[in-house]
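Student: Just passing along the structure, written as structure tokens.
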Amino acid sequence: LSFSPLQFIISLFPLVLSYFFIPSMWCRILASLGVSLPYPKAFCFLYLSHIGKYIPGKIWAYISQSYLASKAHISLAETLCSNVILTGLMHLNGLCIFALSFLAWNVFTFFIRCLLVFASFFLMYFLLVVGWIERGINVVLGRLMGLQITLQCQSLPYALLIIENALIWLIFSVGFHLMITSFYPVYMNQIFIIIGTYSISWLVGYYTFFFPGGLGVQEGIQVYLLTFFFPLPISIVIALASRFWLLLGDTIVFLLAVILTMHENRLQRSAHGA
């Protein structure tokens, strides 16, 4: 292994850039619910609370985000609904990224690989076009939680949101490639596989509720999948480097959100003082 600190630092720029698209997606989803939220506030609300995912239980990030959103007169139902849609879209795209990367897995027959890709995209079509996401959200919010909101699938710009999320993954992949090759040379088809293993391990780690940020679970799954293509020591290094890289990205956007919030508060105090 030969480590290039400069390339590793450069890899953080695409990573941080990919974070900037997520608040835009949240704003679009809120707009479909009739809620207007300026982008700077969306950025601050998301990434001030984002650090809560590293607290066991998974709910603390959403609790803090809901609290901050209430300061902008966004109801709990609107915050929960928009978050479910945003998270669902990102997870569906992550699943499709893994399915597409599966095409490069020569350990399975081509038919099985194509079948997985077809199943993933059919699932996305079924949930988005047929409208099962909206139906599920309406049932959970209305009948189980008693929150008054009705979501109509026609109001959501799904195509635009999916394209925007695909762009996030593309920019993220550029940074990921730079990060990996900063210490280990890989071919393009290998980086495609590595990103796929990351996306599916990230998904599984997300749904392990008692592990903060999927810590340990995500790395374990990623290491297991990578051992199909790389030696075990290299697989472990890639998984740990991915976690460290992502922690740096989370920390940077959190600090940016703190700085932006302080700036906004300073402007508000100046306006009141004037």
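Starting from 1 in every chain, residues are counted up; chains themselves are A, B, ... following the order of the structure tokens, and ligands are numbered from 1 as listed.
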So that I can check the surroundings of Trp60 (chain A), please list as a list in words every protein, DNA and RNA residue that reaches within 12 Å of it, counting only C-alpha atoms and ignoring chain neighbours fewer than 3 positions away.

Tutor: Leu48, Ser49, His50, Ile51, Gly52, Lys53, Tyr54, Ile55, Pro56, Gly57, Ile63, Ser64, Gln65, Ser66, Tyr67, Phe209, Phe210, Pro212 and Gly213 of chain A

Student: When distances are computed from only C-alpha atoms, which of A:Asn106, A:Asn93, A:Ser173, A:Ser75 shows the smallest separation from Leu17 (chain A)?

Tutor: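 Result for the nearest residue to Leu17 (chain A): A:Ser173.
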
Student: Kindly indicate which residue among A:Gly249, A:Pro231, A:Gly88, A:Gly175 lies nearest to Tyr206 (chain A), using only C-alpha atoms for the distances.

Tutor: A:Gly88

Student: Quick check, in Å to one decimal: how far apart do CA of Ser242 (chain A) and CA of Ser201 (chain A) lie?

Tutor: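 Value for the CA of Ser242 (chain A)-CA of Ser201 (chain A) distance: 11.3 Å.
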
Student: Could you state the separation of CA of Leu170 (chain A) and CA of Trp202 (chain A) in Å, given to one decimal place?

Tutor: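 Computing it gives 16.2 Å between the two atoms.
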
Student: Tell me, as a list in words, which residues lie within 8 Å of Leu86 (chain A), counting only C-alpha atoms; anything in the same chain fewer than 3 positions away does not count.

Tutor: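 In the requested format, the answer is Met25, Trp26, Ile29, Ser82, Asn83, Leu89 and Met90 of chain A.
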
Student: Print the selection's residues with N, CA and C atoms to a file, as a compact mmCIF listing (two decimals), in the first residue's frame.

Tutor:
# COMPACT_ATOMS: atom_id res chain seq x y z
N MET A 25 -33.29 18.30 -2.46
CA MET A 25 -34.32 17.27 -2.62
C MET A 25 -35.39 17.42 -1.54
N TRP A 26 -34.96 17.67 -0.32
CA TRP A 26 -35.91 17.84 0.78
C TRP A 26 -36.82 19.03 0.53
N ILE A 29 -39.50 18.10 -2.00
CA ILE A 29 -40.53 17.25 -1.42
C ILE A 29 -41.47 18.07 -0.54
N SER A 82 -42.04 14.06 4.65
CA SER A 82 -40.98 14.41 3.70
C SER A 82 -39.73 13.59 3.95
N ASN A 83 -39.44 13.30 5.22
CA ASN A 83 -38.26 12.49 5.54
C ASN A 83 -38.40 11.05 5.07
N LEU A 89 -36.47 7.31 -1.26
CA LEU A 89 -35.89 7.52 -2.58
C LEU A 89 -34.39 7.24 -2.59
N MET A 90 -33.69 7.71 -1.56
CA MET A 90 -32.25 7.50 -1.49
C MET A 90 -31.93 6.02 -1.32

Student: Excluding Pro23 (chain A) and residues on its chain fewer than 3 positions from it, collect all residues at most 7 Å away from it, counting only C-alpha atoms, and give them as a list in words.

Tutor: Phe20, Trp26, Cys27, Tyr39, Ala42, Phe43 and Leu46 of chain A

Student: Let me see the file: selected residues, all heavy atoms, as a short mmCIF file (atom, residue, chain, number, x, y, z; two decimals), in the first residue's frame.

Tutor:
data_model
loop_
_atom_site.label_atom_id
_atom_site.label_comp_id
_atom_site.auth_asym_id
_atom_site.auth_seq_id
_atom_site.Cartn_x
_atom_site.Cartn_y
_atom_site.Cartn_z
N PHE A 20 -24.55 18.58 -0.69
CA PHE A 20 -25.29 19.81 -0.94
C PHE A 20 -26.57 19.58 -1.74
O PHE A 20 -27.44 20.46 -1.77
CB PHE A 20 -24.39 20.81 -1.69
CG PHE A 20 -23.44 21.56 -0.79
CD1 PHE A 20 -22.28 20.96 -0.33
CD2 PHE A 20 -23.72 22.86 -0.39
CE1 PHE A 20 -21.41 21.64 0.50
CE2 PHE A 20 -22.86 23.55 0.43
CZ PHE A 20 -21.70 22.94 0.89
N TRP A 26 -34.96 17.67 -0.32
CA TRP A 26 -35.91 17.84 0.78
C TRP A 26 -36.82 19.03 0.53
O TRP A 26 -38.04 18.97 0.76
CB TRP A 26 -35.17 17.99 2.10
CG TRP A 26 -36.07 17.96 3.30
CD1 TRP A 26 -37.21 17.24 3.46
CD2 TRP A 26 -35.92 18.71 4.51
NE1 TRP A 26 -37.77 17.48 4.70
CE2 TRP A 26 -37.00 18.38 5.36
CE3 TRP A 26 -34.96 19.61 4.96
CZ2 TRP A 26 -37.15 18.93 6.63
CZ3 TRP A 26 -35.10 20.16 6.23
CH2 TRP A 26 -36.19 19.82 7.05
N CYS A 27 -36.25 20.14 0.02
CA CYS A 27 -37.05 21.33 -0.28
C CYS A 27 -38.10 21.02 -1.35
O CYS A 27 -39.24 21.49 -1.25
CB CYS A 27 -36.15 22.46 -0.76
SG CYS A 27 -35.13 23.21 0.54
N TYR A 39 -33.45 27.09 1.07
CA TYR A 39 -32.37 26.10 1.03
C TYR A 39 -31.40 26.23 2.21
O TYR A 39 -31.04 25.21 2.81
CB TYR A 39 -31.60 26.20 -0.29
CG TYR A 39 -30.43 25.25 -0.37
CD1 TYR A 39 -30.59 23.95 -0.81
CD2 TYR A 39 -29.16 25.65 0.05
CE1 TYR A 39 -29.53 23.07 -0.86
CE2 TYR A 39 -28.08 24.78 0.01
CZ TYR A 39 -28.27 23.50 -0.45
OH TYR A 39 -27.21 22.62 -0.48
N ALA A 42 -32.88 24.57 5.17
CA ALA A 42 -32.94 23.12 4.97
C ALA A 42 -31.57 22.49 5.20
O ALA A 42 -31.45 21.43 5.83
CB ALA A 42 -33.43 22.81 3.56
N PHE A 43 -30.53 23.14 4.71
CA PHE A 43 -29.16 22.64 4.90
C PHE A 43 -28.83 22.58 6.39
O PHE A 43 -28.31 21.55 6.88
CB PHE A 43 -28.17 23.57 4.18
CG PHE A 43 -26.74 23.10 4.22
CD1 PHE A 43 -26.24 22.31 3.20
CD2 PHE A 43 -25.91 23.44 5.28
CE1 PHE A 43 -24.91 21.87 3.23
CE2 PHE A 43 -24.59 23.02 5.33
CZ PHE A 43 -24.09 22.23 4.29
N LEU A 46 -30.96 19.84 8.31
CA LEU A 46 -30.54 18.47 8.00
C LEU A 46 -29.22 18.12 8.67
O LEU A 46 -29.10 17.07 9.30
CB LEU A 46 -30.42 18.30 6.48
CG LEU A 46 -31.67 17.88 5.71
CD1 LEU A 46 -31.39 17.86 4.21
CD2 LEU A 46 -32.17 16.53 6.16
#

Student: Write out as a PyMOL selection string which residues come within 10 Å of Val35 (chain A) when counting only C-alpha atoms, dropping same-chain ones fewer than 4 positions away.

Tutor: chain A and resi 27-31+73-75+78-79

Student: Which residues of region 177-248 of chain A have any atom within 6 Å of an atom in region 1-16 of chain A when counting only C-alpha atoms, and what is the closest pair of atoms for each, with the distance in Å to one decimal? Order the rows by chain and rising number and write it as CSV.

Tutor:
residue,atom,partner,partner_atom,distance
A:Leu178,CA,A:Ser11,CA,5.2
A:Met179,CA,A:Phe8,CA,5.1
A:Ser182,CA,A:Ser4,CA,5.0
A:Phe183,CA,A:Phe3,CA,4.2
A:Tyr184,CA,A:Leu1,CA,5.8

Student: If we count only C-alpha atoms and set the cut-off at 10 Å, which residues sit around Ile191 (chain A), ignoring sequence neighbours fewer than 3 positions away in its own chain? Please answer as a PyMOL selection string.

Tutor: chain A and resi 101+173-174+176-178+180-181+185-188+194-197

Student: Mind listing the helix (DSSP H, G or I) residues of region 7-247 of chain A, per DSSP on the backbone, as a VMD selection string?

Tutor: chain A and resid 7 to 19 21 to 32 39 to 54 60 to 70 76 to 104 110 to 128 132 to 144 153 to 155 158 to 181 188 to 206 212 to 214 217 to 226 232 to 247

Student: Measure the distance from CA of Leu255 (chain A) to CA of Leu68 (chain A) in Å and round it to one decimal.

Tutor: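 CA of Leu68 (chain A) lies at a distance of 16.5 Å from CA of Leu255 (chain A).
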